file protein-v6.csv (CSV, C-alpha atoms)
chain,number,residue,atom,x,y,z
A,125,MET,CA,160.3,89.6,-57.2
A,126,LYS,CA,156.5,89.3,-57.6
A,127,LEU,CA,156.9,90.5,-61.2
A,128,GLN,CA,159.5,87.8,-62.0
A,129,LYS,CA,157.2,85.1,-60.4
A,130,MET,CA,154.3,86.3,-62.5
A,131,LYS,CA,156.5,86.0,-65.7
A,132,TRP,CA,157.4,82.4,-64.8
A,133,ILE,CA,153.7,81.5,-64.2
A,134,THR,CA,152.7,83.1,-67.5
A,135,LEU,CA,155.5,81.1,-69.3
A,136,VAL,CA,154.4,77.8,-67.8
A,137,PHE,CA,150.8,78.4,-68.8
A,138,ALA,CA,151.9,79.3,-72.3
A,139,LEU,CA,154.0,76.2,-72.7
A,140,GLY,CA,151.1,74.0,-71.4
A,141,ALA,CA,148.7,75.6,-73.8
A,142,ILE,CA,151.1,75.0,-76.7
A,143,LEU,CA,151.5,71.3,-75.7
A,144,MET,CA,147.8,70.8,-75.3
A,145,LEU,CA,147.2,72.4,-78.7
A,146,GLY,CA,149.7,70.1,-80.3
A,147,ALA,CA,148.2,67.0,-78.7
A,148,CYS,CA,144.7,68.0,-80.0
A,149,LYS,CA,146.0,68.4,-83.5
A,150,LYS,CA,147.6,64.9,-83.5
A,151,LYS,CA,145.6,62.5,-85.7
A,152,VAL,CA,145.1,58.8,-84.8
A,153,ALA,CA,146.2,56.5,-87.6
A,154,PRO,CA,143.3,54.5,-89.2
A,155,PRO,CA,143.4,50.8,-88.7
A,156,PRO,CA,144.9,48.7,-91.5
A,157,PRO,CA,142.4,47.3,-94.1
A,158,PRO,CA,141.3,43.7,-93.6
A,159,ALA,CA,143.4,41.0,-95.5
A,160,PRO,CA,141.8,39.8,-98.7
A,161,PRO,CA,140.3,36.3,-98.6
A,162,PRO,CA,142.7,33.6,-99.9
A,163,PRO,CA,142.1,32.5,-103.5
A,164,PRO,CA,140.0,29.2,-103.9
A,165,ALA,CA,142.0,26.0,-104.2
A,166,PRO,CA,141.9,24.1,-107.6
A,167,THR,CA,139.9,20.9,-108.0
A,168,ALA,CA,140.8,18.2,-110.5
A,169,SER,CA,139.5,14.8,-111.8
A,170,LEU,CA,140.8,12.5,-114.4
A,171,SER,CA,139.3,9.3,-115.8
A,172,ALA,CA,140.1,6.8,-118.7
A,173,ASN,CA,137.4,5.1,-120.8
A,174,PRO,CA,137.9,2.3,-121.1
A,175,ASN,CA,140.5,1.8,-118.3
A,176,SER,CA,141.6,-1.6,-119.7
A,177,VAL,CA,142.6,-2.1,-123.3
A,178,GLN,CA,144.5,-4.6,-125.5
A,179,LYS,CA,147.9,-3.5,-126.8
A,180,GLY,CA,147.4,-1.2,-129.7
A,181,GLN,CA,143.9,-0.1,-128.8
A,182,PRO,CA,143.1,3.5,-127.8
A,183,THR,CA,141.4,4.9,-124.7
A,184,THR,CA,140.0,8.3,-124.0
A,185,LEU,CA,141.2,10.5,-121.1
A,186,SER,CA,138.7,12.9,-119.8
A,187,TRP,CA,139.4,15.6,-117.2
A,188,GLN,CA,137.8,18.5,-115.4
A,189,THR,CA,139.3,21.2,-113.2
A,190,THR,CA,138.2,24.4,-111.5
A,191,ASN,CA,140.2,27.4,-110.3
A,192,ALA,CA,143.2,26.4,-112.3
A,193,THR,CA,145.3,28.4,-114.7
A,194,ASP,CA,147.9,25.8,-115.6
A,195,VAL,CA,146.9,22.2,-116.3
A,196,SER,CA,149.1,19.5,-117.6
A,197,ILE,CA,149.1,15.7,-118.0
A,198,ASP,CA,152.4,13.8,-117.9
A,199,GLY,CA,153.2,12.4,-121.3
A,200,ILE,CA,150.8,14.8,-123.0
A,201,GLY,CA,151.8,18.3,-121.8
A,202,ALA,CA,149.7,21.4,-121.3
A,203,VAL,CA,146.0,20.9,-121.8
A,204,GLN,CA,142.8,22.9,-121.5
A,205,PRO,CA,141.2,23.2,-118.0
A,206,SER,CA,138.6,20.6,-119.0
A,207,GLY,CA,138.5,18.3,-122.0
A,208,SER,CA,139.2,14.9,-123.4
A,209,GLN,CA,141.9,13.3,-125.6
A,210,GLN,CA,142.4,9.8,-127.1
A,211,VAL,CA,145.7,8.1,-126.3
A,212,THR,CA,147.2,4.7,-127.2
A,213,PRO,CA,149.5,3.6,-124.4
A,214,ALA,CA,152.1,1.0,-125.3
A,215,ASP,CA,152.1,-0.4,-121.7
A,216,SER,CA,150.0,-0.2,-118.6
A,217,THR,CA,150.2,3.5,-117.6
A,218,THR,CA,149.1,5.8,-114.8
A,219,TYR,CA,148.3,9.2,-116.2
A,220,HIS,CA,149.0,12.0,-113.9
A,221,LEU,CA,147.3,15.4,-114.1
A,222,THR,CA,148.5,18.5,-112.3
A,223,ALA,CA,146.3,21.6,-111.9
A,224,LYS,CA,147.9,24.8,-110.6
A,225,GLY,CA,146.2,28.0,-109.7
A,226,ALA,CA,146.5,31.0,-107.3
A,227,GLY,CA,145.0,28.9,-104.5
A,228,GLY,CA,147.5,26.0,-104.8
A,229,THR,CA,148.0,22.8,-106.7
A,230,GLN,CA,145.7,19.7,-107.1
A,231,GLU,CA,146.5,16.4,-108.7
A,232,ALA,CA,144.5,13.5,-110.2
A,233,THR,CA,145.5,10.1,-111.7
A,234,ALA,CA,143.9,7.6,-114.0
A,235,ARG,CA,145.3,4.0,-114.5
A,236,VAL,CA,145.0,2.3,-117.9
A,237,THR,CA,145.8,-1.4,-118.0
A,238,VAL,CA,147.2,-2.7,-121.3
A,239,GLY,CA,146.8,-6.4,-122.0
A,240,PRO,CA,148.4,-8.5,-124.7
A,241,PRO,CA,147.0,-8.1,-128.2
A,242,PRO,CA,144.4,-10.6,-129.3
A,243,PRO,CA,145.7,-13.9,-130.7
A,244,ALA,CA,146.0,-14.3,-134.4
A,245,GLN,CA,143.1,-15.8,-136.2
A,246,THR,CA,143.4,-19.5,-136.7
A,247,THR,CA,141.5,-22.0,-138.9
A,248,GLY,CA,139.7,-23.3,-135.9
A,249,PRO,CA,136.0,-22.8,-135.1
A,250,SER,CA,134.8,-19.2,-135.4
A,251,ALA,CA,133.8,-17.2,-132.3
A,252,THR,CA,130.3,-17.5,-131.1
A,253,GLU,CA,127.8,-14.6,-131.3
A,254,GLU,CA,128.1,-14.2,-127.5
A,255,GLU,CA,131.9,-14.0,-127.7
A,256,LEU,CA,131.7,-11.5,-130.6
A,257,PHE,CA,129.2,-9.5,-128.5
A,258,SER,CA,131.6,-9.4,-125.6
A,259,GLN,CA,134.5,-8.3,-127.7
A,260,SER,CA,132.7,-5.7,-129.8
A,261,VAL,CA,130.0,-4.0,-127.7
A,262,LYS,CA,131.3,-1.3,-125.4
A,263,ASP,CA,129.6,0.2,-122.3
A,264,LEU,CA,128.8,3.9,-122.3
A,265,TYR,CA,129.7,6.3,-119.5
A,266,PHE,CA,127.9,9.3,-118.0
A,267,ASP,CA,128.6,12.5,-116.1
A,268,TYR,CA,127.5,12.8,-112.5
A,269,ASP,CA,123.7,13.1,-112.1
A,270,LYS,CA,123.3,13.1,-115.9
A,271,ALA,CA,121.6,10.7,-118.3
A,272,ASP,CA,122.4,12.4,-121.7
A,273,ILE,CA,125.0,10.6,-123.8
A,274,ARG,CA,128.3,12.6,-123.8
A,275,ALA,CA,130.1,13.6,-126.9
A,276,ASP,CA,133.1,11.5,-126.1
A,277,GLN,CA,130.8,8.4,-126.0
A,278,GLN,CA,129.3,8.8,-129.5
A,279,SER,CA,132.0,6.7,-131.2
A,280,ALA,CA,131.4,3.8,-128.8
A,281,LEU,CA,127.6,4.2,-129.4
A,282,GLN,CA,128.1,4.1,-133.1
A,283,GLY,CA,130.2,1.0,-132.9
A,284,ASP,CA,127.6,-0.7,-130.8
A,285,ALA,CA,124.8,0.2,-133.2
A,286,GLN,CA,127.0,-1.0,-136.2
A,287,PHE,CA,127.7,-4.4,-134.5
A,288,LEU,CA,124.0,-4.9,-133.7
A,289,GLY,CA,123.0,-3.9,-137.2
A,290,GLN,CA,125.4,-6.5,-138.6
A,291,HIS,CA,124.1,-9.2,-136.3
A,292,SER,CA,120.4,-9.0,-136.5
A,293,SER,CA,119.8,-12.2,-134.4
A,294,ILE,CA,121.5,-10.8,-131.4
A,295,ARG,CA,119.4,-9.2,-128.6
A,296,ALA,CA,120.9,-7.2,-125.7
A,297,THR,CA,119.9,-5.9,-122.3
A,298,VAL,CA,121.1,-2.4,-121.3
A,299,GLU,CA,121.7,-2.0,-117.6
A,300,GLY,CA,121.6,1.4,-116.0
A,301,HIS,CA,124.2,1.9,-113.3
A,302,CYS,CA,125.1,4.9,-110.9
A,303,ASP,CA,127.7,5.8,-108.4
A,304,GLU,CA,127.1,5.5,-104.7
A,305,ARG,CA,126.0,9.1,-104.1
A,306,GLY,CA,122.3,9.8,-103.7
A,307,SER,CA,119.4,7.6,-102.4
A,308,THR,CA,118.6,4.2,-103.6
A,309,GLU,CA,115.3,5.4,-105.2
A,310,TYR,CA,116.9,8.3,-106.9
A,311,ASN,CA,119.6,6.2,-108.4
A,312,LEU,CA,117.2,3.6,-109.6
A,313,ALA,CA,115.3,6.3,-111.5
A,314,LEU,CA,118.6,7.7,-112.9
A,315,GLY,CA,119.8,4.3,-114.0
A,316,THR,CA,116.5,3.8,-115.8
A,317,SER,CA,117.0,7.2,-117.6
A,318,ARG,CA,120.5,6.2,-118.7
A,319,ALA,CA,119.5,2.8,-120.0
A,320,GLU,CA,116.5,4.3,-121.9
A,321,ALA,CA,118.7,7.0,-123.4
A,322,VAL,CA,121.0,4.4,-124.8
A,323,LYS,CA,118.1,2.3,-126.2
A,324,SER,CA,116.6,5.4,-127.8
A,325,ALA,CA,119.9,6.2,-129.5
A,326,LEU,CA,120.2,2.6,-130.8
A,327,THR,CA,116.6,2.7,-132.2
A,328,GLN,CA,117.3,6.0,-133.9
A,329,ALA,CA,120.4,4.3,-135.4
A,330,GLY,CA,118.1,1.6,-136.9
A,331,ILE,CA,118.1,-1.1,-134.3
A,332,ALA,CA,114.6,-2.6,-133.7
A,333,ALA,CA,113.3,-1.6,-130.2
A,334,ASP,CA,112.2,-5.2,-129.4
A,335,ARG,CA,115.9,-6.3,-129.6
A,336,VAL,CA,116.9,-4.1,-126.7
A,337,LYS,CA,115.6,-4.5,-123.2
A,338,THR,CA,116.5,-2.1,-120.3
A,339,ILE,CA,116.8,-2.5,-116.6
A,340,SER,CA,118.2,-0.3,-113.8
A,341,TYR,CA,120.3,-1.4,-110.9
A,342,GLY,CA,121.0,2.1,-109.6
A,343,LYS,CA,123.9,2.0,-107.2
A,344,GLU,CA,123.3,-1.6,-106.1
A,345,LYS,CA,125.8,-3.4,-108.4
A,346,PRO,CA,128.9,-1.2,-108.5
A,347,PHE,CA,131.8,-2.2,-110.8
A,348,CYS,CA,134.3,-0.4,-108.5
A,349,ASN,CA,134.1,0.0,-104.7
A,350,GLU,CA,136.5,2.8,-104.0
A,351,HIS,CA,135.3,6.2,-102.9
A,352,THR,CA,137.1,8.2,-105.6
A,353,GLU,CA,135.9,10.2,-108.6
A,354,GLU,CA,137.8,7.7,-110.9
A,355,CYS,CA,135.9,4.8,-109.3
A,356,TRP,CA,132.6,6.7,-109.4
A,357,GLN,CA,133.1,7.3,-113.1
A,358,GLN,CA,133.4,3.6,-113.8
A,359,ASN,CA,130.0,3.0,-112.0
A,360,ARG,CA,128.2,5.7,-114.0
A,361,ARG,CA,127.5,3.6,-117.0
A,362,ALA,CA,125.1,1.8,-119.3
A,363,HIS,CA,126.3,-1.8,-119.4
A,364,PHE,CA,125.5,-4.2,-122.3
A,365,VAL,CA,124.5,-7.8,-121.5
A,366,TYR,CA,124.0,-10.5,-124.2
A,367,GLN,CA,120.5,-12.0,-124.2
A,368,LYS,CA,120.7,-15.8,-124.4
call {"tool": "encode", "arguments": {"input": "protein-v6.csv", "output": "structure tokens"}}
result
Amino acid sequence: MKLQKMKWITLVFALGAILMLGACKKKVAPPPPPAPPPPPAPTASLSANPNSVQKGQPTTLSWQTTNATDVSIDGIGAVQPSGSQQVTPADSTTYHLTAKGAGGTQEATARVTVGPPPPAQTTGPSATEEELFSQSVKDLYFDYDKADIRADQQSALQGDAQFLGQHSSIRATVEGHCDERGSTEYNLALGTSRAEAVKSALTQAGIAADRVKTISYGKEKPFCNEHTEECWQQNRRAHFVYQK
């Protein structure tokens, strides 16, 4: 009887040892790796210069995007992530840009207003110099926090220089304007740089320096009061004023 009891005790201890050994060998699963960060969302801006034209006249669309792999503009199709393109809308049009990327979709719009074509020339009195100035001389637009003349503004600059060269009695004031971002003092200095950059380009094109005055209004006289990139672009300009 004692021998049988000893066998049972030995068997119980053996089973316990086997179970403990198995438990010791069991490995704990490592925690899962952290989830990767989400991809950045795209950004997009679209502007038209000028944003108001007469029927049959062109305008230039300019756009910038980031974090986008698929960019398209309604009516144009697929485009590069950033760039510019001249268009001639038949009627007032809102251009719609869509930028898609791994982080989602971003959209931007630019409105171009198309007015009636200019009236046919009559045998009446000719336009005054001031009227010709207003019709022919175009403002120049700048990138954010920049005072250098963009490549897409060179044609407008050349047209302004050509007009002033053909009308030697006309004098002009170039006003430097900025968008609302930044301090008043900083934007006054930036507006001065923009106006002086345009004057310098005109003098290099053969226009006498004493025919062009400059002044800066910074952000104090905005052309557009909305808080959007499209509106800010309209305010970042060198504006030409006829000197009477």
call {"tool": "closest_residue", "arguments": {"input": "protein-v6.csv", "among": "A:Pro166, A:Gly300, A:Gly283, A:Gly330", "to": "Ala232 of chain A", "atoms": "all atoms listed in the file"}}
result
A:Pro166
call {"tool": "residues_around", "arguments": {"input": "protein-v6.csv", "residues": "Pro162 of chain A", "least_positions_apart": "5", "cutoff": "12 Å", "atoms": "all atoms listed in the file", "output": "PDB file with C-alpha atoms, keeping the file's coordinate frame"}}
result
ATOM      1  CA  GLY A 225     146.200  28.000-109.700  1.00  0.00           C
ATOM      2  CA  ALA A 226     146.500  31.000-107.300  1.00  0.00           C
ATOM      3  CA  GLY A 227     145.000  28.900-104.500  1.00  0.00           C
ATOM      4  CA  GLY A 228     147.500  26.000-104.800  1.00  0.00           C
TER       5      GLY A 228
END
call {"tool": "residues_around", "arguments": {"input": "protein-v6.csv", "residues": "Thr233 of chain A", "least_positions_apart": "3", "cutoff": "6 Å", "atoms": "all atoms listed in the file", "output": "count of residues only"}}
result
3
call {"tool": "residues_around", "arguments": {"input": "protein-v6.csv", "residues": "segment 277-282 of chain A", "least_positions_apart": "4", "cutoff": "12 Å", "atoms": "all atoms listed in the file", "output": "ChimeraX atom specification"}}
result
/A:172-174,182-186,208,210,260-267,272-273,286-289,321-331,361-364
call {"tool": "write_last_selection", "arguments": {"input": "protein-v6.csv", "atoms": "C-alpha atoms", "output": "compact mmCIF listing (two decimals), keeping the file's coordinate frame"}}
result
# COMPACT_ATOMS: atom_id res chain seq x y z
CA ALA A 172 140.10 6.80 -118.70
CA ASN A 173 137.40 5.10 -120.80
CA PRO A 174 137.90 2.30 -121.10
CA PRO A 182 143.10 3.50 -127.80
CA THR A 183 141.40 4.90 -124.70
CA THR A 184 140.00 8.30 -124.00
CA LEU A 185 141.20 10.50 -121.10
CA SER A 186 138.70 12.90 -119.80
CA SER A 208 139.20 14.90 -123.40
CA GLN A 210 142.40 9.80 -127.10
CA SER A 260 132.70 -5.70 -129.80
CA VAL A 261 130.00 -4.00 -127.70
CA LYS A 262 131.30 -1.30 -125.40
CA ASP A 263 129.60 0.20 -122.30
CA LEU A 264 128.80 3.90 -122.30
CA TYR A 265 129.70 6.30 -119.50
CA PHE A 266 127.90 9.30 -118.00
CA ASP A 267 128.60 12.50 -116.10
CA ASP A 272 122.40 12.40 -121.70
CA ILE A 273 125.00 10.60 -123.80
CA GLN A 286 127.00 -1.00 -136.20
CA PHE A 287 127.70 -4.40 -134.50
CA LEU A 288 124.00 -4.90 -133.70
CA GLY A 289 123.00 -3.90 -137.20
CA ALA A 321 118.70 7.00 -123.40
CA VAL A 322 121.00 4.40 -124.80
CA LYS A 323 118.10 2.30 -126.20
CA SER A 324 116.60 5.40 -127.80
CA ALA A 325 119.90 6.20 -129.50
CA LEU A 326 120.20 2.60 -130.80
CA THR A 327 116.60 2.70 -132.20
CA GLN A 328 117.30 6.00 -133.90
CA ALA A 329 120.40 4.30 -135.40
CA GLY A 330 118.10 1.60 -136.90
CA ILE A 331 118.10 -1.10 -134.30
CA ARG A 361 127.50 3.60 -117.00
CA ALA A 362 125.10 1.80 -119.30
CA HIS A 363 126.30 -1.80 -119.40
CA PHE A 364 125.50 -4.20 -122.30
call {"tool": "closest_residue", "arguments": {"input": "protein-v6.csv", "among": "A:Pro242, A:Pro158, A:Thr167, A:Thr222", "to": "Lys179 of chain A", "atoms": "only C-alpha atoms"}}
result
A:Pro242
call {"tool": "atom_distance", "arguments": {"input": "protein-v6.csv", "atom1": "atom CA of Lys224 of chain A", "atom2": "atom CA of Pro160 of chain A"}}
result
20.1 Å
call {"tool": "atom_distance", "arguments": {"input": "protein-v6.csv", "atom1": "atom CA of Phe347 of chain A", "atom2": "atom CA of Asn359 of chain A"}}
result
5.6 Å
call {"tool": "atom_distance", "arguments": {"input": "protein-v6.csv", "atom1": "atom CA of Thr308 of chain A", "atom2": "atom CA of Lys337 of chain A"}}
result
21.7 Å
call {"tool": "residues_around", "arguments": {"input": "protein-v6.csv", "residues": "Glu254 of chain A", "least_positions_apart": "5", "cutoff": "10 Å", "atoms": "only C-alpha atoms", "output": "list of chain:residue names"}}
result
A:Gln259, A:Ser260, A:Ile294, A:Val365, A:Tyr366, A:Gln367, A:Lys368
call {"tool": "closest_residue", "arguments": {"input": "protein-v6.csv", "among": "A:Thr338, A:Thr229, A:Gln290, A:Ser258", "to": "Thr193 of chain A", "atoms": "only C-alpha atoms"}}
result
A:Thr229
call {"tool": "closest_residue", "arguments": {"input": "protein-v6.csv", "among": "A:Asn311, A:Gln181, A:Thr237, A:Asn191", "to": "Tyr268 of chain A", "atoms": "only C-alpha atoms"}}
result
A:Asn311
call {"tool": "build_atoms", "arguments": {"input": "protein-v6.csv", "residues": "segment 218-232 of chain A", "atoms": "N, CA and C atoms", "output": "PDB file, keeping the file's coordinate frame"}}
result
ATOM      1  N   THR A 218     149.877   4.893-115.643  1.00  0.00           N
ATOM      2  CA  THR A 218     149.100   5.800-114.800  1.00  0.00           C
ATOM      3  C   THR A 218     149.291   7.190-115.226  1.00  0.00           C
ATOM      4  N   TYR A 219     148.248   7.770-115.777  1.00  0.00           N
ATOM      5  CA  TYR A 219     148.300   9.200-116.200  1.00  0.00           C
ATOM      6  C   TYR A 219     148.123  10.091-115.054  1.00  0.00           C
ATOM      7  N   HIS A 220     148.961  11.126-115.015  1.00  0.00           N
ATOM      8  CA  HIS A 220     149.000  12.000-113.900  1.00  0.00           C
ATOM      9  C   HIS A 220     148.738  13.443-114.305  1.00  0.00           C
ATOM     10  N   LEU A 221     147.673  14.028-113.755  1.00  0.00           N
ATOM     11  CA  LEU A 221     147.300  15.400-114.100  1.00  0.00           C
ATOM     12  C   LEU A 221     147.641  16.324-112.924  1.00  0.00           C
ATOM     13  N   THR A 222     148.186  17.496-113.257  1.00  0.00           N
ATOM     14  CA  THR A 222     148.500  18.500-112.300  1.00  0.00           C
ATOM     15  C   THR A 222     147.794  19.816-112.644  1.00  0.00           C
ATOM     16  N   ALA A 223     147.003  20.333-111.712  1.00  0.00           N
ATOM     17  CA  ALA A 223     146.300  21.600-111.900  1.00  0.00           C
ATOM     18  C   ALA A 223     146.804  22.630-110.933  1.00  0.00           C
ATOM     19  N   LYS A 224     147.309  23.751-111.458  1.00  0.00           N
ATOM     20  CA  LYS A 224     147.900  24.800-110.600  1.00  0.00           C
ATOM     21  C   LYS A 224     147.048  26.077-110.761  1.00  0.00           C
ATOM     22  N   GLY A 225     146.862  26.754-109.661  1.00  0.00           N
ATOM     23  CA  GLY A 225     146.200  28.000-109.700  1.00  0.00           C
ATOM     24  C   GLY A 225     146.647  28.905-108.539  1.00  0.00           C
ATOM     25  N   ALA A 226     146.040  30.071-108.392  1.00  0.00           N
ATOM     26  CA  ALA A 226     146.500  31.000-107.300  1.00  0.00           C
ATOM     27  C   ALA A 226     146.260  30.403-105.956  1.00  0.00           C
ATOM     28  N   GLY A 227     145.308  29.470-105.834  1.00  0.00           N
ATOM     29  CA  GLY A 227     145.000  28.900-104.500  1.00  0.00           C
ATOM     30  C   GLY A 227     145.794  27.618-104.223  1.00  0.00           C
ATOM     31  N   GLY A 228     146.724  27.211-105.097  1.00  0.00           N
ATOM     32  CA  GLY A 228     147.500  26.000-104.800  1.00  0.00           C
ATOM     33  C   GLY A 228     147.573  25.074-105.973  1.00  0.00           C
ATOM     34  N   THR A 229     147.826  23.810-105.662  1.00  0.00           N
ATOM     35  CA  THR A 229     148.000  22.800-106.700  1.00  0.00           C
ATOM     36  C   THR A 229     147.121  21.567-106.302  1.00  0.00           C
ATOM     37  N   GLN A 230     146.475  20.967-107.315  1.00  0.00           N
ATOM     38  CA  GLN A 230     145.700  19.700-107.100  1.00  0.00           C
ATOM     39  C   GLN A 230     146.118  18.730-108.162  1.00  0.00           C
ATOM     40  N   GLU A 231     146.116  17.443-107.798  1.00  0.00           N
ATOM     41  CA  GLU A 231     146.500  16.400-108.700  1.00  0.00           C
ATOM     42  C   GLU A 231     145.457  15.333-108.827  1.00  0.00           C
ATOM     43  N   ALA A 232     145.473  14.603-109.950  1.00  0.00           N
ATOM     44  CA  ALA A 232     144.500  13.500-110.200  1.00  0.00           C
ATOM     45  C   ALA A 232     145.240  12.463-111.049  1.00  0.00           C
TER      46      ALA A 232
END
